[in-house]
Every structure is written in structure tokens, then in C-alpha cells.
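Structure, as C-alpha cells:
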Amino acid sequence: MTDLKLIRTDVVGSLLRPPELKEARLALDEGRIEAGAFRTIEDAAVAAAVRLQESAGLDVISDGEMRRLNFQDSFGAAVEGYDANRSTLKVYERRVEGSAPLQRWDIAQMHDAGTAVSHRRPAKARLTLARNVPLEEYQFVSKLATRPVKVSLIGADRIAQRFDYQASTAVYRDLDDFVDDVVAIERAIVESLVKAGCRYIHIDAPGFTAYVDEPSLAQMRARGEDPQRNFERSLKAEAAVVAGLGVATGIHLCRGNQRSMWHREGAYDAIAERLFNALPHDRFLLEYDSPRAGSFAPLRFVPKGKVVVLGLVSTKVPELESVDALKRRIDEAAKVLPLEQLAISPQCGFASDVVGNLLSADEQKRKLERVAETARQVWG
């Protein structure tokens with residue numbers, strides 16, 4: 001059985017949604033098709049995502065997040081208690097109206113009252129797990145796949161950052177009280193996944209780069225928060241979600257991924273030592289496709305036995321990276337961390353929400369194939 005802690009290729013999770021799935025989702029939102037008919041189209045999209053990833057030669061695959069409007073729905077759509085609206089396709093299309101690729105995207109552009117976690121929302125009651133979305137996804141895709149399937153969940157850090165605790169004091173006494181509930185719910189989800197046979201739990205944690213991004217730090221301070229206290233709380237929470245699961249776990253850090261845009265900048269240096277040593281994950285999936293990520297120097301803090309998955313293949317641009325260029329970047333990283341502790345993946349998902357990044361399905365396919373091809377040449 002493949003040791004998923006040590007595989008050389010990886011994926012972050014989301015894939016471009018096919019046009020027929022988007023059209024069906026809009027029809028569902030508008031009441032023009034029934035839920036059963038929509039589910040059939042969803043199922044077909046998941047099956048196509050499995051075929052794509054397996055044919056590309058990847059070591060582990062996802063369901064492409066075809067059933068999610070946004071990658072954060074793993075939690076936001078699974079719980080009750082938020083004062084939030086229902087997700088629709090048009091909400092996410094409005095979020096990126098008038099935007100341009102490869103620019104910084106400002107969360108202030110989100111004008112809708114919004115959905116839980118993808119927008120900063122308060123609680124009207126203590127959160128409870130109402131529908132185990134990740135488990136439902138895994139139970140379907142695992143029956144189709146011939147390769148191991150990973151399941152991605154949004155991390156506790158991002159959930160905390162997107163909680164309006166100031167407007168929730170009638171429900172939660174403080175942010176610590178809220179995070180305790182988040183950890184309990186997420187732990188129940190991941191334990192259910194392990195019980196169902198999932199051997200790789202993946203945590204999406206885009207919020208950690210807020211601790212190296214000056215505008216994000218300023219926003220925390222403006223709310224009266226101590227960024228270092230937030231960072232330490234999140235490290236403890238993230239560790240509690242996956243500690244001792246007995247399967248492979250990974251955490252993905254990036255700087256945002258919205259219609260080929262980004263949210264943050266800043267190198268890993270300021271948080272690397274604490275992050276790599278406080279979190280029990282086997283794999284750290286790090287965005288390294290642009291100068292915003294900084295150098296590979298922070299990898300010197302990675303403990304022995306841990307694997308860093310270098311996100312070198314960009315999901316934001318259609319241009320295909322060359323194998324030689326990717327190998328040079330891996331060689332550069334191997335000067336800091338031994339080659340046996342390295343792997344390769346796309347830098348992020350191809351469609352963190354239903355809108356997707358600005359590249360074609362064929363360009364996405366060639367990039368996934370390039371990840372596998374590069375890994376074969378480097379690691380055999």
C-alpha cells in the first residue's frame with residue numbers, strides 16, 4: 001500500500017467546473033431543475049474529475065470539489081448556527097465583477113451579506129454539525145477512484161478569521177469559545193472520514209499568510225486583535241483537528257486564489273519555524289510559483305521526516321511551465337531541504353470557487369500532466 005505521507009505528486013483539490021455543471025447550478029438556484037436531476041450532473045462531473053487526475057498520473061486525487069460553490073463550503077455548508085445566506089452561483093460571479101487577473105483582490109469587494117466562512121459572518125446560535133459535507137463527498141468519489149483519494153477541509157484559522165465575533169457576543173463569549181466549537185466539529189468530520197477509509201486528510205489554510213502580510217495585520221489590529229495571539233490560537237486549533245489520526249495529513253498555505261487574483265503577499269520567513277514545528281502534519285503544501293512567496297530559505301526549519309510539497313505549477317496563468325525550469329526550482333529547494341523531503345504540486349486549486357481561474361480545461365490537464373512528468377524525472 002502506498003505511503004501517502006511520502007508521495008511525490010499532490011493536488012490542492014479544486015478543478016475547473018465544466019460549463020454544463022455551472023449551467024445546471026444556475027438552473028437549480030433559479031428553480032428550473034429538481035435537485036435529483038442536478039445531482040446526476042454533479043455525479044458526472046466528479047467522475048470526469050477522477051478520470052482527468054488518474055490519466056494525468058497523479059499519486060493522489062480529489063473529487064475536484066465539484067459539489068462545492070466555494071472551497072470553504074466543507075465547513076460553511078456543513079454547519080448550522082451562522083447568520084448567513086445560502087450560496088448561489090451568482091453570488092460568486094458578483095464577487096469578481098470588474099476584476100483583473102494577477103492583481104491583489106480585496107475582501108472589501110464582497111458586497112453581499114454572504115455565506116458562512118466565504119464571508120465574515122456572525123453566529124445566531126452555537127454551531128452544530130448539520131450535514132457532513134466532506135464525508136458525503138468522500139463516500140461517492142472513493143467508489144469511482146482506482147487511486148487514493150484525499151479530502152480537503154477549510155482550516156480552523158480561516159474559519160476564525162471569517163467569524164464576526166464582535167456581533168456574536170450573545171452566543172459566544174469570545175473567539176476562544178468559538179474556536180473550541182470549530183475544533184470539535186472539524187475533529188468529528190475528520191474522524192468520520194478516517195473511519196470511512198480516507199487515508200489522506202488535507203487542510204486548506206490560506207489565512208496563515210495573513211500573519212506575514214502587512215494590510216492583513218493592520219486589519220487585525222484595527223479590530224483590537226493581537227496578531228501573535230491569533231497565530232498561536234490557530235496553531236493550537238489546527239494541531240488539535242488532526243493530531244493522532246493515524247493517516248497522512250497535509251496543510252496547504254497560499255496567498256489567495258480568486259479568478260486568477262491573489263489576496264496577500266509576504267514570505268514565509270516570519271512564521272516558518274513556529275509553523276513547521278508546532279503543526280503535526282506530515283506534508284506542507286506551499287505556494288512557490290511567484291516572487292510573493294519569497295525564497296526557499298524558510299525550509300531549513302522543516303523537521304526531519306516531514307515533506308514539503310512545492311507548489312511550482314501555477315493555476316493562475318495558462319502558460320505551461322517547462323520540465324527543465326521546474327527541475328531547476330526543485331534543485332534550488334534541495335539545497336535547503338533534502339530531495340527526499342520534497343514533492344511537487346500545482347500552487348493552488350484551479351477553481352477555489354465555482355467561477356474558476358482564467359485558463360482552459362485543456363491547459364489545466366496539461367499542467368496536471370506536467371506535475372506528474374516532472375516528478376517522474378526527478379524522483380523516478
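By order of appearance in the C-alpha cells: chains A, B, ..., then residues from 1 within every chain, and ligands from 1 in the order shown.
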> Skipping near chain neighbours, those fewer than 6 positions away, what residues fall within 12 Å of A:Pro318 using only C-alpha atoms, listed as a list of chain:residue names?
Replying inline: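 These residues fall inside the cut-off: A:Pro101, A:Ser260, A:Phe350, A:Asn357, A:Leu358, A:Leu359, A:Ser360, A:Ala361, A:Asp362, A:Glu363, A:Gln364, A:Lys365, A:Arg366, A:Lys367.
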>> Need the shell around A:Ala123: protein/DNA/RNA residues with any atom at most 6 Å away, counting only C-alpha atoms. Skip same-chain ones fewer than 6 positions apart. Format as a list in words?
In response: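 In the requested form, the answer reads Gly81, Tyr82, Asp83 and Ser168 of chain A.
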> Per DSSP on the backbone, what are the alpha helix (DSSP H) residues of stretch 147-292 of chain A, as a PyMOL selection string?
Replying inline: chain A and resi 156-161+175-196+214-222+227-242+269-278
> Expressed in Å to a single decimal, how great is the separation between atom CA of A:Ile154 and atom CA of A:Ala272?
Replying inline: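 Here the two named atoms are 20.1 Å from each other.
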> atom CA of A:Val308 and atom CA of A:Leu285, how far apart in Å?
Replying inline: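 These atoms are spaced 6.0 Å apart.
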>> When you look at A:Pro338 with a cut-off of 10 Å (counting only C-alpha atoms), what residues show up, excluding the ones that are within fewer than 2 positions of it in the same chain? I need them as a ChimeraX atom specification.
In response: /A:299-300,304,307,331,333-336,340-342
> Tell me, which residues of stretch 34-214 of chain A carry DSSP strand (DSSP E or B), written as a VMD selection string?
Replying inline: chain A and resid 61 70 79 to 82 104 116 119 121 123 to 129 149 151 to 154 163 200 to 204
> Of the candidates A:Arg120, A:Arg187, A:Arg173, A:Lys316, which shows the shortest atom-to-atom distance to A:Ile159, using only C-alpha atoms?
Replying inline: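 Closest to A:Ile159, using only C-alpha atoms: A:Arg120.
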> So which residues touch stretch 370-372 of chain A within 8 Å, counting only C-alpha atoms, skipping near sequence neighbours fewer than 4 positions away, as a list of chain:residue names?
Replying inline: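 Contacts, in chain order: A:Thr9, A:Ala56, A:Gly57, A:Leu58, A:Val313, A:Glu321, A:Ser322, A:Val323, A:Ile344, A:Ser345, A:Pro346, A:Arg366, A:Arg376.
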Write the residues of the preceding selection, restricted to N, CA and C atoms, as an mmCIF file, in the first residue's frame.
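As written to disk, selection32.cif reads:
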data_model
loop_
_atom_site.group_PDB
_atom_site.id
_atom_site.type_symbol
_atom_site.label_atom_id
_atom_site.label_comp_id
_atom_site.auth_asym_id
_atom_site.auth_seq_id
_atom_site.Cartn_x
_atom_site.Cartn_y
_atom_site.Cartn_z
ATOM 1 N N THR A 9 3.846 13.461 -5.928
ATOM 2 C CA THR A 9 2.931 14.415 -6.567
ATOM 3 C C THR A 9 1.725 14.614 -5.663
ATOM 4 N N ALA A 56 -3.711 11.707 -15.715
ATOM 5 C CA ALA A 56 -2.521 12.569 -15.640
ATOM 6 C C ALA A 56 -1.373 11.883 -14.916
ATOM 7 N N GLY A 57 -1.663 10.837 -14.143
ATOM 8 C CA GLY A 57 -0.621 10.092 -13.449
ATOM 9 C C GLY A 57 -0.327 10.563 -12.047
ATOM 10 N N LEU A 58 -1.274 11.242 -11.411
ATOM 11 C CA LEU A 58 -1.063 11.750 -10.058
ATOM 12 C C LEU A 58 -1.122 10.614 -9.035
ATOM 13 N N VAL A 313 3.760 24.824 -10.022
ATOM 14 C CA VAL A 313 2.984 24.938 -11.258
ATOM 15 C C VAL A 313 1.792 25.853 -10.989
ATOM 16 N N GLU A 321 4.538 25.586 -17.579
ATOM 17 C CA GLU A 321 5.916 25.580 -17.108
ATOM 18 C C GLU A 321 6.700 24.446 -17.788
ATOM 19 N N SER A 322 7.951 24.670 -18.073
ATOM 20 C CA SER A 322 8.786 23.615 -18.667
ATOM 21 C C SER A 322 9.310 22.684 -17.590
ATOM 22 N N VAL A 323 9.542 21.435 -17.976
ATOM 23 C CA VAL A 323 10.101 20.470 -17.025
ATOM 24 C C VAL A 323 11.460 20.946 -16.534
ATOM 25 N N ILE A 344 6.057 17.743 -5.464
ATOM 26 C CA ILE A 344 5.618 18.826 -6.342
ATOM 27 C C ILE A 344 4.108 18.767 -6.541
ATOM 28 N N SER A 345 3.509 19.944 -6.732
ATOM 29 C CA SER A 345 2.068 20.041 -6.974
ATOM 30 C C SER A 345 1.772 21.351 -7.693
ATOM 31 N N PRO A 346 0.526 21.532 -8.153
ATOM 32 C CA PRO A 346 0.104 22.881 -8.534
ATOM 33 C C PRO A 346 0.143 23.783 -7.301
ATOM 34 N N ARG A 366 -2.939 19.802 -19.047
ATOM 35 C CA ARG A 366 -1.508 19.773 -19.342
ATOM 36 C C ARG A 366 -0.669 20.136 -18.114
ATOM 37 N N ARG A 376 8.350 12.226 -12.121
ATOM 38 C CA ARG A 376 8.983 11.002 -12.626
ATOM 39 C C ARG A 376 10.446 11.249 -12.961
#
> Pick from A:Ala170, A:Leu28, A:Val355, A:Asp63: nearest to A:Lys143, with only C-alpha atoms counted?
Replying inline: A:Asp63
>> What's around A:Val151 at 8 Å? Count only C-alpha atoms, leave out sequence neighbours fewer than 5 positions away in its own chain, and write the answer as a ChimeraX atom specification.
In response: /A:13,62,134,138,198,200-202
